[in-house]
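*Asks:* What follows is a structure written as structure tokens; I'll ask about it next.
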Amino acid sequence: YYLGDLALRDNDLTKAKEYFDKGVAAAHKNPLNYVGLGTIEWINGNADAAKVKFDLATSFGKRNAIMYYKIAEAYAKYEKKNYDLAVSILKEKALVYDRNMIDAHVLLGDIYLWQSNGSAAAENYNNALNVNPNSAKTLIRKGQIYVYSKNYTEGLNLFIKGVQADSTYSPGYRELGELYIKAGRSKEALENYKKFIERSDDDIKTKLNYGQFLYSAKDYLKAIEVLKNVQTQLDKPIINRILGYSYFETGDFTSSKNSLDAFFAKEEQKNYIA
């Protein structure tokens, strides 16, 4: 199941299904593999087929809190969202069978945050912190609420607490980097974003974000280096746009023109930036 879940997070549905099918064949009463298969159906827009798989899972794991959490996660995070159903499953099932499941409290907080309900989000993040005051993930999430409400000082304090609680939790460094860039503190921003990259998976989209961040931090030469590398693996017009701006800032006007010409050749006019 867990290999399938990793494949799902990489959006490799074919590989994920292979793993879940193998899981069913090896242990047909393990509910999580049916949850995985149901999640694939949900992602593919087959709501009825997804429910059949989820119902099958619950028939094998009636009091399995993790199973209910993963079903709620499918409804909340993938494709067409059903937040109401996800909240219901978390409150009436997952947290009933395991009231100390931090991930369930955090997911509830996330759902409310996505719905712009900061007070309900904070309440659920606090519930998670009551279980574990040193949960880096929860501290970072709570910090995001303060940043969204423009209380940057409290957001910064929580981000720092988060990375101090778990120095391997990479999203904390990303949040610190983005907050420092808002404050015009480029040195601290770059230091933290570099830590984010070092602690993240070798993901090309993460590297693209790093290149964009470097441009925002006015480290144009490093931005060019990173984005040229990304461009060998990913074809997105935005790369040429940022390369064009970065080359311009370094005085390489020929490369700037070439990159921007490539951008305009691929990007729809409605997305042009004057």
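Ordering of the structure tokens sets the chain letters (A, B, ...), residue numbers begin anew at 1 in every chain, and ligands are numbered from 1 in the order given.
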Can you build me a table of stretch 135-223 of chain A residues sitting at most 12 Å from stretch 109-116 of chain A, with the closest atom pair per residue and its distance in Å to one decimal, using only C-alpha atoms, sorted by chain and residue number, as CSV?
*Replies:*
```
residue,atom,partner,partner_atom,distance
A:Lys137,CA,A:Asp110,CA,11.2
A:Thr138,CA,A:Gly109,CA,9.2
A:Leu139,CA,A:Gly109,CA,11.8
A:Ile140,CA,A:Asp110,CA,11.5
A:Arg141,CA,A:Asp110,CA,7.9
A:Lys142,CA,A:Gly109,CA,8.8
A:Gly143,CA,A:Leu113,CA,11.8
A:Gln144,CA,A:Leu113,CA,9.3
A:Ile145,CA,A:Leu113,CA,7.7
A:Tyr146,CA,A:Leu113,CA,11.4
A:Tyr148,CA,A:Ser116,CA,9.6
A:Ser149,CA,A:Ser116,CA,10.6
```
*Asks:* Just the residues within 10 Å of A:Ser186, please, counting only C-alpha atoms, with nothing from its chain fewer than 2 positions along; format it as a ChimeraX atom specification.
*Replies:* /A:177-178,180-184,188-192,214,216-219
*Asks:* If you run DSSP on the backbone here, which positions in stretch 5-234 of chain A get alpha helix (DSSP H)? Please write them as an NGL selection string.
*Replies:* :A and (5-9 or 13-26 or 31-43 or 47-60 or 65-77 or 83-89 or 95-97 or 102-114 or 118-131 or 136-148 or 152-165 or 170-182 or 186-199 or 204-216 or 220-231)
*Asks:* Report, in Å to a single decimal, how far apart atom CA of A:Asp5 and atom CA of A:Ile66 are.
*Replies:*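 Separation between atom CA of A:Ile66 and atom CA of A:Asp5: 13.1 Å.
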*Asks:* Which neighbours of A:Asn240 fall inside 9 Å, counting only C-alpha atoms, when residues of the same chain fewer than 6 positions from it are skipped, and could you give them as a list of chain:residue names?
*Replies:*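 Once the nearby chain positions are removed, what remains is A:Leu227, A:Gln231, A:Ser256, A:Asn258, A:Ser259, A:Leu260, A:Asp261, A:Ala262, A:Phe263, A:Phe264.
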*Asks:* Please save all heavy atoms of the selected residues as an mmCIF file, in the first residue's frame.
*Replies:*
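Full text of selection15.cif as output:
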```
data_model
loop_
_atom_site.group_PDB
_atom_site.id
_atom_site.type_symbol
_atom_site.label_atom_id
_atom_site.label_comp_id
_atom_site.auth_asym_id
_atom_site.auth_seq_id
_atom_site.Cartn_x
_atom_site.Cartn_y
_atom_site.Cartn_z
ATOM 1 N N LEU A 227 17.674 27.465 -13.535
ATOM 2 C CA LEU A 227 16.610 27.360 -14.517
ATOM 3 C C LEU A 227 17.081 26.719 -15.824
ATOM 4 O O LEU A 227 16.303 26.008 -16.484
ATOM 5 C CB LEU A 227 16.012 28.738 -14.794
ATOM 6 C CG LEU A 227 15.214 29.320 -13.623
ATOM 7 C CD1 LEU A 227 14.861 30.772 -13.877
ATOM 8 C CD2 LEU A 227 13.951 28.503 -13.374
ATOM 9 N N GLN A 231 15.324 23.488 -17.366
ATOM 10 C CA GLN A 231 14.816 23.525 -18.730
ATOM 11 C C GLN A 231 15.172 22.270 -19.523
ATOM 12 O O GLN A 231 14.498 21.928 -20.501
ATOM 13 C CB GLN A 231 15.355 24.772 -19.441
ATOM 14 C CG GLN A 231 14.545 25.215 -20.638
ATOM 15 C CD GLN A 231 14.981 26.573 -21.129
ATOM 16 O OE1 GLN A 231 16.181 26.885 -21.172
ATOM 17 N NE2 GLN A 231 14.028 27.411 -21.488
ATOM 18 N N SER A 256 18.722 37.561 -23.174
ATOM 19 C CA SER A 256 17.425 38.001 -22.668
ATOM 20 C C SER A 256 16.393 38.016 -23.791
ATOM 21 O O SER A 256 15.281 37.494 -23.643
ATOM 22 C CB SER A 256 17.553 39.400 -22.058
ATOM 23 O OG SER A 256 16.284 39.888 -21.667
ATOM 24 N N ASN A 258 16.479 36.400 -26.647
ATOM 25 C CA ASN A 258 16.226 35.048 -27.133
ATOM 26 C C ASN A 258 15.243 34.297 -26.225
ATOM 27 O O ASN A 258 14.337 33.605 -26.693
ATOM 28 C CB ASN A 258 17.536 34.263 -27.245
ATOM 29 C CG ASN A 258 18.441 34.769 -28.348
ATOM 30 O OD1 ASN A 258 17.974 35.442 -29.277
ATOM 31 N ND2 ASN A 258 19.727 34.466 -28.253
ATOM 32 N N SER A 259 15.444 34.440 -24.929
ATOM 33 C CA SER A 259 14.573 33.754 -23.976
ATOM 34 C C SER A 259 13.154 34.314 -24.019
ATOM 35 O O SER A 259 12.167 33.557 -23.990
ATOM 36 C CB SER A 259 15.126 33.866 -22.553
ATOM 37 O OG SER A 259 16.332 33.150 -22.428
ATOM 38 N N LEU A 260 13.039 35.632 -24.100
ATOM 39 C CA LEU A 260 11.706 36.231 -24.131
ATOM 40 C C LEU A 260 10.999 35.948 -25.454
ATOM 41 O O LEU A 260 9.778 35.750 -25.482
ATOM 42 C CB LEU A 260 11.800 37.734 -23.879
ATOM 43 C CG LEU A 260 12.198 38.110 -22.447
ATOM 44 C CD1 LEU A 260 12.423 39.608 -22.328
ATOM 45 C CD2 LEU A 260 11.138 37.661 -21.447
ATOM 46 N N ASP A 261 11.762 35.887 -26.537
ATOM 47 C CA ASP A 261 11.158 35.495 -27.823
ATOM 48 C C ASP A 261 10.601 34.072 -27.733
ATOM 49 O O ASP A 261 9.509 33.784 -28.248
ATOM 50 C CB ASP A 261 12.197 35.568 -28.945
ATOM 51 C CG ASP A 261 12.481 37.000 -29.388
ATOM 52 O OD1 ASP A 261 11.700 37.903 -29.012
ATOM 53 O OD2 ASP A 261 13.494 37.219 -30.090
ATOM 54 N N ALA A 262 11.354 33.196 -27.078
ATOM 55 C CA ALA A 262 10.898 31.816 -26.910
ATOM 56 C C ALA A 262 9.650 31.770 -26.026
ATOM 57 O O ALA A 262 8.729 30.975 -26.264
ATOM 58 C CB ALA A 262 12.007 30.968 -26.294
ATOM 59 N N PHE A 263 9.619 32.631 -25.020
ATOM 60 C CA PHE A 263 8.447 32.697 -24.147
ATOM 61 C C PHE A 263 7.216 33.145 -24.927
ATOM 62 O O PHE A 263 6.161 32.509 -24.881
ATOM 63 C CB PHE A 263 8.715 33.657 -22.991
ATOM 64 C CG PHE A 263 7.474 34.087 -22.256
ATOM 65 C CD1 PHE A 263 6.772 33.190 -21.468
ATOM 66 C CD2 PHE A 263 6.994 35.388 -22.378
ATOM 67 C CE1 PHE A 263 5.617 33.573 -20.799
ATOM 68 C CE2 PHE A 263 5.847 35.778 -21.704
ATOM 69 C CZ PHE A 263 5.155 34.872 -20.923
ATOM 70 N N PHE A 264 7.346 34.246 -25.678
ATOM 71 C CA PHE A 264 6.198 34.771 -26.415
ATOM 72 C C PHE A 264 5.734 33.812 -27.508
ATOM 73 O O PHE A 264 4.552 33.784 -27.857
ATOM 74 C CB PHE A 264 6.549 36.127 -27.035
ATOM 75 C CG PHE A 264 6.691 37.229 -26.022
ATOM 76 C CD1 PHE A 264 7.834 38.010 -25.982
ATOM 77 C CD2 PHE A 264 5.680 37.480 -25.103
ATOM 78 C CE1 PHE A 264 7.965 39.024 -25.049
ATOM 79 C CE2 PHE A 264 5.803 38.489 -24.161
ATOM 80 C CZ PHE A 264 6.943 39.270 -24.136
#
```
*Asks:* Kindly indicate which residue among A:Ala223, A:Ala136, A:Leu158, A:Val163 lies nearest to A:Lys195, using only C-alpha atoms for the distances.
*Replies:*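 Nearest candidate to A:Lys195 out of A:Ala223, A:Ala136, A:Leu158, A:Val163: A:Val163.
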*Asks:* Tell me, as a list in words, which residues lie within 12 Å of A:Val87, counting only C-alpha atoms; anything in the same chain fewer than 4 positions away does not count.
*Replies:*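 Using only C-alpha atoms, the neighbours found are Tyr68, Tyr69, Ile71, Ala72, Glu73, Ala74, Tyr75, Ala76, Lys81, Asn82, Tyr83, Lys91, Glu92, Lys93, Ala94, Leu95, Ala104, His105, Val106, Leu107, Leu108, Gly109, Asp110, Ile111, Tyr112, Gln115, Ala120, Ala121 and Asn124 of chain A.
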*Asks:* Could you write out that same residue set with N, CA, C and O atoms as a CSV table (one decimal), in the first residue's frame?
*Replies:*
```
chain,number,residue,atom,x,y,z
A,68,TYR,N,-9.9,5.5,7.7
A,68,TYR,CA,-10.8,6.6,7.5
A,68,TYR,C,-10.1,7.9,7.2
A,68,TYR,O,-10.6,8.7,6.4
A,69,TYR,N,-8.9,8.1,7.8
A,69,TYR,CA,-8.2,9.3,7.5
A,69,TYR,C,-7.8,9.4,6.0
A,69,TYR,O,-7.9,10.4,5.4
A,71,ILE,N,-9.3,7.9,3.5
A,71,ILE,CA,-10.5,8.2,2.7
A,71,ILE,C,-10.8,9.7,2.7
A,71,ILE,O,-11.1,10.3,1.7
A,72,ALA,N,-10.8,10.3,3.9
A,72,ALA,CA,-11.0,11.7,4.0
A,72,ALA,C,-10.0,12.5,3.2
A,72,ALA,O,-10.3,13.5,2.5
A,73,GLU,N,-8.7,12.1,3.2
A,73,GLU,CA,-7.7,12.7,2.5
A,73,GLU,C,-7.9,12.7,1.0
A,73,GLU,O,-7.7,13.7,0.3
A,74,ALA,N,-8.4,11.6,0.5
A,74,ALA,CA,-8.8,11.4,-0.9
A,74,ALA,C,-9.8,12.5,-1.3
A,74,ALA,O,-9.7,13.2,-2.3
A,75,TYR,N,-10.9,12.6,-0.5
A,75,TYR,CA,-11.9,13.5,-0.8
A,75,TYR,C,-11.5,15.0,-0.7
A,75,TYR,O,-12.0,15.9,-1.4
A,76,ALA,N,-10.5,15.2,0.2
A,76,ALA,CA,-10.1,16.6,0.4
A,76,ALA,C,-9.0,17.1,-0.5
A,76,ALA,O,-8.9,18.3,-0.8
A,81,LYS,N,-13.0,18.3,-5.2
A,81,LYS,CA,-13.0,18.2,-3.7
A,81,LYS,C,-14.4,18.0,-3.2
A,81,LYS,O,-15.4,18.5,-3.7
A,82,ASN,N,-14.4,17.3,-2.1
A,82,ASN,CA,-15.7,17.2,-1.3
A,82,ASN,C,-15.3,17.4,0.2
A,82,ASN,O,-15.2,16.4,0.9
A,83,TYR,N,-15.1,18.7,0.5
A,83,TYR,CA,-14.7,19.0,1.8
A,83,TYR,C,-15.7,18.6,2.9
A,83,TYR,O,-15.3,18.1,4.0
A,91,LYS,N,-14.3,13.8,11.5
A,91,LYS,CA,-14.9,14.0,12.9
A,91,LYS,C,-15.6,12.8,13.4
A,91,LYS,O,-15.6,12.5,14.6
A,92,GLU,N,-16.4,12.1,12.5
A,92,GLU,CA,-17.2,11.0,13.0
A,92,GLU,C,-16.6,9.7,13.0
A,92,GLU,O,-17.2,8.7,13.6
A,93,LYS,N,-15.5,9.5,12.3
A,93,LYS,CA,-14.8,8.2,12.2
A,93,LYS,C,-13.4,8.3,12.7
A,93,LYS,O,-13.1,7.7,13.7
A,94,ALA,N,-12.5,8.9,11.9
A,94,ALA,CA,-11.1,8.9,12.2
A,94,ALA,C,-10.8,9.3,13.7
A,94,ALA,O,-10.1,8.6,14.4
A,95,LEU,N,-11.3,10.5,14.1
A,95,LEU,CA,-11.0,11.0,15.4
A,95,LEU,C,-11.8,10.4,16.5
A,95,LEU,O,-11.4,10.5,17.7
A,104,ALA,N,-5.0,13.7,11.4
A,104,ALA,CA,-6.4,14.0,11.2
A,104,ALA,C,-6.8,15.4,11.7
A,104,ALA,O,-7.5,16.1,11.0
A,105,HIS,N,-6.2,15.8,12.8
A,105,HIS,CA,-6.4,17.2,13.3
A,105,HIS,C,-5.9,18.2,12.3
A,105,HIS,O,-6.5,19.2,12.0
A,106,VAL,N,-4.7,17.9,11.8
A,106,VAL,CA,-4.0,18.8,10.8
A,106,VAL,C,-4.8,18.9,9.5
A,106,VAL,O,-5.0,20.0,9.0
A,107,LEU,N,-5.3,17.7,9.0
A,107,LEU,CA,-6.1,17.8,7.8
A,107,LEU,C,-7.4,18.6,8.0
A,107,LEU,O,-7.8,19.3,7.1
A,108,LEU,N,-8.0,18.4,9.1
A,108,LEU,CA,-9.2,19.2,9.4
A,108,LEU,C,-8.8,20.7,9.3
A,108,LEU,O,-9.5,21.5,8.8
A,109,GLY,N,-7.7,21.1,10.0
A,109,GLY,CA,-7.2,22.5,9.9
A,109,GLY,C,-7.0,22.9,8.5
A,109,GLY,O,-7.3,24.0,8.1
A,110,ASP,N,-6.3,22.1,7.7
A,110,ASP,CA,-6.1,22.4,6.3
A,110,ASP,C,-7.3,22.7,5.6
A,110,ASP,O,-7.4,23.7,4.8
A,111,ILE,N,-8.3,21.8,5.7
A,111,ILE,CA,-9.6,22.0,5.0
A,111,ILE,C,-10.2,23.3,5.3
A,111,ILE,O,-10.7,24.1,4.5
A,112,TYR,N,-10.2,23.7,6.6
A,112,TYR,CA,-10.8,25.0,7.0
A,112,TYR,C,-10.0,26.1,6.5
A,112,TYR,O,-10.5,27.2,6.1
A,115,GLN,N,-10.7,26.8,3.0
A,115,GLN,CA,-12.0,27.4,2.9
A,115,GLN,C,-12.0,28.8,3.5
A,115,GLN,O,-13.1,29.4,3.7
A,120,ALA,N,-11.4,28.3,12.6
A,120,ALA,CA,-11.6,26.9,12.7
A,120,ALA,C,-10.3,26.1,12.4
A,120,ALA,O,-10.0,25.1,13.0
A,121,ALA,N,-9.5,26.7,11.5
A,121,ALA,CA,-8.2,26.0,11.2
A,121,ALA,C,-7.3,26.1,12.4
A,121,ALA,O,-6.7,25.1,12.8
A,124,ASN,N,-8.2,23.5,15.1
A,124,ASN,CA,-7.8,22.2,14.9
A,124,ASN,C,-6.3,22.0,14.9
A,124,ASN,O,-5.8,21.0,15.3
```
*Asks:* Pick out the closest residue to A:Asn46 from this set: A:Thr58, A:Lys80, A:Ile160, A:Phe248. Count only C-alpha atoms.
*Replies:*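 With only C-alpha atoms as the atom set, the closest residue is A:Lys80.
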*Asks:* Of the residues A:Asn126, A:Ser170, A:Asn30, A:Thr39, which is the one nearest to A:Thr206, using only C-alpha atoms?
*Replies:*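 The answer is A:Ser170, which sits nearest to A:Thr206.
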*Asks:* Excluding A:Thr250 and any residue of its chain fewer than 3 positions from it, enumerate the residues within 9 Å of it, using only C-alpha atoms, and give them as a PDB file with N, CA, C and O atoms, in the first residue's frame.
*Replies:*
```pdb
ATOM      1  N   TYR A 220      20.467  36.709  -9.714  1.00  0.00           N
ATOM      2  CA  TYR A 220      20.131  36.423 -11.097  1.00  0.00           C
ATOM      3  C   TYR A 220      21.036  35.362 -11.729  1.00  0.00           C
ATOM      4  O   TYR A 220      20.559  34.512 -12.489  1.00  0.00           O
ATOM      5  N   LEU A 221      22.310  35.388 -11.420  1.00  0.00           N
ATOM      6  CA  LEU A 221      23.221  34.398 -11.993  1.00  0.00           C
ATOM      7  C   LEU A 221      22.873  32.988 -11.525  1.00  0.00           C
ATOM      8  O   LEU A 221      22.868  32.036 -12.313  1.00  0.00           O
ATOM      9  N   TYR A 245      14.161  37.745 -17.997  1.00  0.00           N
ATOM     10  CA  TYR A 245      14.315  38.825 -17.026  1.00  0.00           C
ATOM     11  C   TYR A 245      15.670  38.747 -16.325  1.00  0.00           C
ATOM     12  O   TYR A 245      16.319  39.774 -16.076  1.00  0.00           O
ATOM     13  N   SER A 246      16.104  37.512 -16.003  1.00  0.00           N
ATOM     14  CA  SER A 246      17.376  37.345 -15.284  1.00  0.00           C
ATOM     15  C   SER A 246      18.550  37.745 -16.160  1.00  0.00           C
ATOM     16  O   SER A 246      19.478  38.434 -15.700  1.00  0.00           O
ATOM     17  N   TYR A 247      18.531  37.319 -17.419  1.00  0.00           N
ATOM     18  CA  TYR A 247      19.603  37.716 -18.341  1.00  0.00           C
ATOM     19  C   TYR A 247      19.650  39.239 -18.484  1.00  0.00           C
ATOM     20  O   TYR A 247      20.731  39.846 -18.532  1.00  0.00           O
ATOM     21  N   PHE A 253      21.871  41.089 -22.882  1.00  0.00           N
ATOM     22  CA  PHE A 253      20.628  41.457 -23.562  1.00  0.00           C
ATOM     23  C   PHE A 253      20.295  40.517 -24.727  1.00  0.00           C
ATOM     24  O   PHE A 253      19.118  40.315 -25.037  1.00  0.00           O
TER      25      PHE A 253
END
```
*Asks:* For each of A:Ala165, A:Ile197, A:Ala86, A:Ile43, take the minimum atom-to-atom distance to A:Leu8, counting only C-alpha atoms, then give the residue where this is smallest.
*Replies:*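 Looking only at the distances to A:Leu8, the closest residue turns out to be A:Ile43.
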*Asks:* Using Å and a single decimal, report how far atom CA of A:Asp203 sits from atom CA of A:Tyr2.
*Replies:* 19.2 Å
*Asks:* Considering only C-alpha atoms, state which residue in the set A:Val230, A:Val147, A:Tyr193, A:Lys62 is at the smallest distance from A:Lys207.
*Replies:*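 Selected residue with least distance to A:Lys207: A:Val230.
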